[in-house]
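To start, the structure itself, in C-alpha cells.
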Amino acid sequence: ETSQHPQVRLQILDFDGIQRLIASHRGKIVVMDAWSTSCPPCMKEFPNLVALHEQYAGDRVACISLCSDYDGLGTPDDVKDQVLYFLQKRKATFDNVLSSLESDALLDKLGIYNVPAVFIYDRSGELVKRFDTNSGEFTYDDVREYLADLL
C-alpha cells in the first residue's frame with residue numbers, strides 16, 4: 001500500500017518520544033491532533049489538519065497527528081497498517097505518530113477523556129492551548145482562529 005504516497009510515514013513512539021518530537025520543532029508553532037480510526041468525528045475532521053499543514057507549509061507551523069488506536073491488545077504493529085492506510089488516503093505528509101502507550105494511559109497523560117483533541121505549542125515548546133471535547137465541541141475554525149492570533 002505504500003506505493004500511494006511514499007512521503008506519508010507513520011512512526012511508533014512512546015510518550016517520551018512524542019515529547020521529544022514536539023521539542024524538535026522548537027521555533028515553530030506545533031499543532032498536534034490526537035485522533036483514532038475508531039472515532040468518526042476525528043476522521044471527518046482530519047482533512048482540516050492536512051489543509052492547515054498545506055496552508056502553513058514551510059517554516060512557521062509544524063503539524064503532528066497522534067493516533068491512539070493501540071488499545072493494549074497485541075502490539076502497536078498490529079494496528080499500524082490500518083492507520084497508515086488512512087493517512088495515505090488523506091495524503092498526510094507531516095509527522096504521524098502511533099502511540100505505543102495504550103490509549104487509556106495516553107489520554108490520561110494528555111489530560112483528556114477522549115479524542116478528538118488538538119494541542120497547540122508555542123515556539124518555545126510550551127503547551128499554550130488545548131481544544132478538546134471535555135469543555136464542549138470545538139471545530140477547526142476555532143483552531144485556525146487561535147493559530148492566526150499566535151502567528
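If you're wondering about the labels, chains in the C-alpha cells are A, B, ... by order shown, residues count from 1 in each chain, ligands from 1 in order shown.
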From a DSSP pass on the backbone, collect the residues of segment 94-127 of chain A flagged as strand (DSSP E or B) and hand them back as a PyMOL selection string. chain A and resi 95-99+117-121+127
Quick one: write out the picked residues with C-alpha atoms as an mmCIF file, in the first residue's frame?
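out_15.cif written:
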```cif
data_model
loop_
_atom_site.group_PDB
_atom_site.id
_atom_site.type_symbol
_atom_site.label_atom_id
_atom_site.label_comp_id
_atom_site.auth_asym_id
_atom_site.auth_seq_id
_atom_site.Cartn_x
_atom_site.Cartn_y
_atom_site.Cartn_z
ATOM 1 C CA ASP A 95 4.726 13.845 11.338
ATOM 2 C CA ASN A 96 2.373 10.934 12.013
ATOM 3 C CA VAL A 97 2.706 9.068 15.283
ATOM 4 C CA LEU A 98 1.070 5.918 16.576
ATOM 5 C CA SER A 99 1.317 5.837 20.357
ATOM 6 C CA ALA A 117 -8.281 16.842 20.779
ATOM 7 C CA VAL A 118 -5.905 19.433 19.381
ATOM 8 C CA PHE A 119 -2.875 20.712 21.286
ATOM 9 C CA ILE A 120 -1.055 23.901 20.339
ATOM 10 C CA TYR A 121 2.523 24.534 21.454
ATOM 11 C CA LEU A 127 1.616 23.937 25.569
#
```
Residue neighbourhood Val143 of chain A, 10 Å, only C-alpha atoms, exclusion window fewer than 2 positions, as a list in words: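 Contacts, in chain order: Val31, Asn48, Leu49, Leu52, Val118, Phe119, Ile120, Lys129, Arg130, Phe131, Phe138, Thr139, Tyr140, Asp141, Glu145, Tyr146, Leu147 and Ala148 of chain A.
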Residues within 8 Å of segment 87-94 of chain A, please, as a list in words. Count only C-alpha atoms; anything in the same chain fewer than 2 positions from it doesn't count.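 My list of contacting residues is Thr2, Gln4, His5, Gln7, Val8, Arg9, Phe46, Pro47, Val50, His53, Ala62, Cys63, Ile64, Ser65, Val83, Leu84, Tyr85 and Asn96 of chain A.
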Go ahead and dump the residues you just picked, all heavy atoms, as a short mmCIF file (atom, residue, chain, number, x, y, z; two decimals), in the first residue's frame.
```cif
data_model
loop_
_atom_site.label_atom_id
_atom_site.label_comp_id
_atom_site.auth_asym_id
_atom_site.auth_seq_id
_atom_site.Cartn_x
_atom_site.Cartn_y
_atom_site.Cartn_z
N THR A 2 2.15 1.14 0.26
CA THR A 2 2.96 2.36 0.39
C THR A 2 3.20 3.02 -0.95
O THR A 2 3.69 4.12 -1.01
CB THR A 2 4.33 2.05 1.05
OG1 THR A 2 4.88 0.91 0.39
CG2 THR A 2 4.20 1.80 2.52
N GLN A 4 1.10 4.33 -2.73
CA GLN A 4 0.23 5.50 -2.86
C GLN A 4 0.95 6.80 -2.58
O GLN A 4 0.93 7.72 -3.36
CB GLN A 4 -0.93 5.42 -1.87
CG GLN A 4 -2.01 4.47 -2.28
CD GLN A 4 -3.04 4.43 -1.18
OE1 GLN A 4 -2.75 4.03 -0.06
NE2 GLN A 4 -4.25 4.85 -1.48
N HIS A 5 1.56 6.87 -1.43
CA HIS A 5 2.18 8.12 -1.00
C HIS A 5 3.45 7.87 -0.23
O HIS A 5 3.44 7.78 0.98
CB HIS A 5 1.19 8.94 -0.16
CG HIS A 5 0.86 10.24 -0.80
ND1 HIS A 5 1.63 11.36 -0.65
CD2 HIS A 5 -0.11 10.59 -1.66
CE1 HIS A 5 1.12 12.35 -1.37
NE2 HIS A 5 0.06 11.90 -1.99
N GLN A 7 5.77 9.67 0.74
CA GLN A 7 6.18 10.61 1.79
C GLN A 7 5.26 10.59 3.01
O GLN A 7 5.46 11.35 3.93
CB GLN A 7 6.38 12.03 1.24
CG GLN A 7 5.16 12.71 0.69
CD GLN A 7 4.96 12.45 -0.80
OE1 GLN A 7 4.87 11.31 -1.23
NE2 GLN A 7 4.85 13.51 -1.58
N VAL A 8 4.25 9.72 2.99
CA VAL A 8 3.42 9.55 4.18
C VAL A 8 4.03 8.43 5.02
O VAL A 8 4.11 7.30 4.58
CB VAL A 8 1.95 9.21 3.82
CG1 VAL A 8 1.15 8.90 5.08
CG2 VAL A 8 1.32 10.35 3.05
N ARG A 9 4.46 8.79 6.22
CA ARG A 9 5.10 7.80 7.09
C ARG A 9 4.41 7.80 8.45
O ARG A 9 3.79 8.78 8.84
CB ARG A 9 6.58 8.13 7.29
CG ARG A 9 7.36 8.00 6.00
CD ARG A 9 8.86 7.91 6.26
NE ARG A 9 9.57 7.94 5.00
CZ ARG A 9 9.88 9.05 4.35
NH1 ARG A 9 9.55 10.23 4.84
NH2 ARG A 9 10.53 9.00 3.19
N PHE A 46 -10.11 15.19 10.11
CA PHE A 46 -8.70 15.03 9.75
C PHE A 46 -8.25 15.86 8.55
O PHE A 46 -7.16 16.43 8.56
CB PHE A 46 -8.37 13.55 9.54
CG PHE A 46 -6.90 13.26 9.66
CD1 PHE A 46 -6.34 12.93 10.88
CD2 PHE A 46 -6.06 13.34 8.55
CE1 PHE A 46 -4.99 12.68 11.00
CE2 PHE A 46 -4.70 13.09 8.66
CZ PHE A 46 -4.16 12.76 9.90
N PRO A 47 -9.08 15.94 7.48
CA PRO A 47 -8.66 16.75 6.32
C PRO A 47 -8.34 18.21 6.69
O PRO A 47 -7.57 18.87 6.00
CB PRO A 47 -9.86 16.67 5.38
CG PRO A 47 -10.51 15.36 5.72
CD PRO A 47 -10.34 15.22 7.21
N VAL A 50 -4.73 18.39 7.50
CA VAL A 50 -3.97 18.35 6.25
C VAL A 50 -3.99 19.73 5.58
O VAL A 50 -2.96 20.22 5.12
CB VAL A 50 -4.54 17.26 5.30
CG1 VAL A 50 -3.82 17.28 3.96
CG2 VAL A 50 -4.43 15.88 5.95
N HIS A 53 -1.76 22.15 7.41
CA HIS A 53 -0.36 21.86 7.05
C HIS A 53 -0.02 22.49 5.71
O HIS A 53 1.04 23.09 5.54
CB HIS A 53 -0.16 20.34 7.01
CG HIS A 53 1.15 19.92 6.44
ND1 HIS A 53 2.36 20.18 7.07
CD2 HIS A 53 1.47 19.28 5.29
CE1 HIS A 53 3.34 19.69 6.33
NE2 HIS A 53 2.83 19.15 5.25
N ALA A 62 4.34 23.47 12.51
CA ALA A 62 4.57 22.03 12.31
C ALA A 62 3.33 21.28 12.77
O ALA A 62 2.82 21.54 13.87
CB ALA A 62 5.79 21.58 13.12
N CYS A 63 2.83 20.38 11.92
CA CYS A 63 1.66 19.59 12.29
C CYS A 63 2.08 18.17 12.66
O CYS A 63 2.97 17.59 12.03
CB CYS A 63 0.68 19.52 11.12
SG CYS A 63 -0.06 21.11 10.73
N ILE A 64 1.45 17.64 13.68
CA ILE A 64 1.69 16.26 14.13
C ILE A 64 0.33 15.59 14.30
O ILE A 64 -0.57 16.18 14.90
CB ILE A 64 2.43 16.23 15.49
CG1 ILE A 64 3.80 16.91 15.39
CG2 ILE A 64 2.58 14.79 16.00
CD1 ILE A 64 4.51 17.06 16.75
N SER A 65 0.18 14.39 13.76
CA SER A 65 -1.02 13.62 14.08
C SER A 65 -0.62 12.51 15.04
O SER A 65 0.38 11.82 14.83
CB SER A 65 -1.68 13.05 12.82
OG SER A 65 -1.09 11.84 12.42
N VAL A 83 -3.88 2.26 10.24
CA VAL A 83 -3.66 3.69 10.48
C VAL A 83 -2.93 4.30 9.27
O VAL A 83 -3.32 5.35 8.76
CB VAL A 83 -2.84 3.91 11.77
CG1 VAL A 83 -2.52 5.39 11.96
CG2 VAL A 83 -3.61 3.38 12.98
N LEU A 84 -1.89 3.61 8.80
CA LEU A 84 -1.12 4.10 7.67
C LEU A 84 -1.99 4.20 6.41
O LEU A 84 -1.88 5.15 5.64
CB LEU A 84 0.09 3.18 7.42
CG LEU A 84 1.13 3.67 6.42
CD1 LEU A 84 1.67 5.05 6.79
CD2 LEU A 84 2.28 2.67 6.30
N TYR A 85 -2.86 3.23 6.24
CA TYR A 85 -3.77 3.24 5.09
C TYR A 85 -4.63 4.51 5.08
O TYR A 85 -4.76 5.19 4.07
CB TYR A 85 -4.66 1.98 5.12
CG TYR A 85 -5.64 1.92 3.97
CD1 TYR A 85 -5.21 1.64 2.67
CD2 TYR A 85 -6.99 2.15 4.19
CE1 TYR A 85 -6.12 1.59 1.62
CE2 TYR A 85 -7.91 2.11 3.14
CZ TYR A 85 -7.46 1.83 1.85
OH TYR A 85 -8.35 1.79 0.82
N ASN A 96 3.47 11.78 11.54
CA ASN A 96 2.37 10.93 12.01
C ASN A 96 2.91 9.96 13.04
O ASN A 96 3.90 9.27 12.79
CB ASN A 96 1.76 10.16 10.85
CG ASN A 96 1.15 11.08 9.81
OD1 ASN A 96 0.21 11.82 10.09
ND2 ASN A 96 1.69 11.04 8.59
#
```
Check which residues of segment 68-128 of chain A sit at most 8 Å from segment 37-44 of chain A using only C-alpha atoms, and return one row each with the closest pair of atoms and their distance in Å to one decimal, ordered by chain and rising number, as JSON lines.
```
{"residue": "A:Asp69", "atom": "CA", "partner": "A:Thr37", "partner_atom": "CA", "distance": 6.5}
{"residue": "A:Val83", "atom": "CA", "partner": "A:Thr37", "partner_atom": "CA", "distance": 6.9}
{"residue": "A:Phe86", "atom": "CA", "partner": "A:Thr37", "partner_atom": "CA", "distance": 8.0}
{"residue": "A:Val115", "atom": "CA", "partner": "A:Cys42", "partner_atom": "CA", "distance": 7.1}
{"residue": "A:Pro116", "atom": "CA", "partner": "A:Cys42", "partner_atom": "CA", "distance": 5.3}
```
From a DSSP pass on the backbone, collect the residues of chain A flagged as alpha helix (DSSP H) and hand them back as a PyMOL selection string. chain A and resi 15-23+40-55+77-89+103-110+140-150
Distance query Leu106 of chain A at most 10 Å, only C-alpha atoms, self and fewer than 6 positions along chain excluded, as a list in words: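 Final neighbour list, sorted by chain and number: Asp14, Phe15, Ala34, Cys67, Ser68, Tyr70, Asp71, Ser99, Ser100, Ile112 and Asn114 of chain A.
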Prev. selection, N, CA, C and O atoms, output as a PDB file, in the first residue's frame:
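Contents of out.pdb, as written:
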```pdb
ATOM      1  N   ASP A  14       6.737   6.133  22.100  1.00  0.00           N
ATOM      2  CA  ASP A  14       6.178   6.163  23.454  1.00  0.00           C
ATOM      3  C   ASP A  14       5.971   7.627  23.863  1.00  0.00           C
ATOM      4  O   ASP A  14       6.248   8.543  23.077  1.00  0.00           O
ATOM      5  N   PHE A  15       5.509   7.851  25.078  1.00  0.00           N
ATOM      6  CA  PHE A  15       5.156   9.222  25.476  1.00  0.00           C
ATOM      7  C   PHE A  15       6.368  10.153  25.455  1.00  0.00           C
ATOM      8  O   PHE A  15       6.276  11.292  25.005  1.00  0.00           O
ATOM      9  N   ALA A  34      -4.763  14.743  18.276  1.00  0.00           N
ATOM     10  CA  ALA A  34      -4.919  13.384  18.802  1.00  0.00           C
ATOM     11  C   ALA A  34      -6.217  12.810  18.250  1.00  0.00           C
ATOM     12  O   ALA A  34      -7.280  13.430  18.358  1.00  0.00           O
ATOM     13  N   CYS A  67      -2.041   9.196  16.783  1.00  0.00           N
ATOM     14  CA  CYS A  67      -3.107   8.208  16.743  1.00  0.00           C
ATOM     15  C   CYS A  67      -3.115   7.362  18.011  1.00  0.00           C
ATOM     16  O   CYS A  67      -2.083   6.828  18.426  1.00  0.00           O
ATOM     17  N   SER A  68      -4.304   7.222  18.594  1.00  0.00           N
ATOM     18  CA  SER A  68      -4.446   6.459  19.846  1.00  0.00           C
ATOM     19  C   SER A  68      -5.118   5.110  19.590  1.00  0.00           C
ATOM     20  O   SER A  68      -5.839   4.607  20.440  1.00  0.00           O
ATOM     21  N   TYR A  70      -3.886   2.112  19.399  1.00  0.00           N
ATOM     22  CA  TYR A  70      -3.399   0.947  20.145  1.00  0.00           C
ATOM     23  C   TYR A  70      -4.088   0.874  21.504  1.00  0.00           C
ATOM     24  O   TYR A  70      -4.000   1.796  22.309  1.00  0.00           O
ATOM     25  N   ASP A  71      -4.810  -0.232  21.743  1.00  0.00           N
ATOM     26  CA  ASP A  71      -5.604  -0.327  22.977  1.00  0.00           C
ATOM     27  C   ASP A  71      -4.995  -1.288  23.990  1.00  0.00           C
ATOM     28  O   ASP A  71      -5.637  -1.645  24.978  1.00  0.00           O
ATOM     29  N   SER A  99       0.839   5.964  18.980  1.00  0.00           N
ATOM     30  CA  SER A  99       1.317   5.837  20.357  1.00  0.00           C
ATOM     31  C   SER A  99       1.528   4.373  20.726  1.00  0.00           C
ATOM     32  O   SER A  99       0.652   3.536  20.495  1.00  0.00           O
ATOM     33  N   SER A 100       2.691   4.078  21.305  1.00  0.00           N
ATOM     34  CA  SER A 100       2.935   2.713  21.786  1.00  0.00           C
ATOM     35  C   SER A 100       2.380   2.532  23.195  1.00  0.00           C
ATOM     36  O   SER A 100       2.371   1.438  23.746  1.00  0.00           O
ATOM     37  N   ILE A 112      -6.944  14.258  28.776  1.00  0.00           N
ATOM     38  CA  ILE A 112      -8.228  14.338  28.065  1.00  0.00           C
ATOM     39  C   ILE A 112      -9.028  13.057  28.304  1.00  0.00           C
ATOM     40  O   ILE A 112      -8.473  12.023  28.647  1.00  0.00           O
ATOM     41  N   ASN A 114     -11.280  11.849  25.894  1.00  0.00           N
ATOM     42  CA  ASN A 114     -11.388  11.132  24.626  1.00  0.00           C
ATOM     43  C   ASN A 114     -10.855  12.003  23.492  1.00  0.00           C
ATOM     44  O   ASN A 114     -10.542  13.174  23.699  1.00  0.00           O
TER      45      ASN A 114
END
```
Residue nearest His25 of chain A - candidates A:Glu137, A:Glu102, A:Val61, A:Pro76, atoms counted: only C-alpha atoms: A:Val61
Calculated over only C-alpha atoms, which of the candidates A:Gln82, A:Asp142, A:Asp149, A:Arg60 has the smallest distance to Gly27 of chain A?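 That would be A:Arg60, the residue with the smallest distance to Gly27 of chain A.
Comparing A:Leu13, A:Arg123, A:Ala51, A:Gly74 by their smallest distance to Leu151 of chain A, the closest is A:Arg123 (using only C-alpha atoms).
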Provide the atom CA of Glu126 of chain A to atom CA of Gln11 of chain A distance in Å, to one decimal place.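 Straight-line distance from atom CA of Glu126 of chain A to atom CA of Gln11 of chain A works out to 22.8 Å.
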Check the smallest atom-to-atom distance from each of A:Leu21, A:Ser124, A:Ile12, A:Glu54 to Lys80 of chain A using only C-alpha atoms, then report the winner.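 Looking only at the distances to Lys80 of chain A, the closest residue turns out to be A:Ile12.
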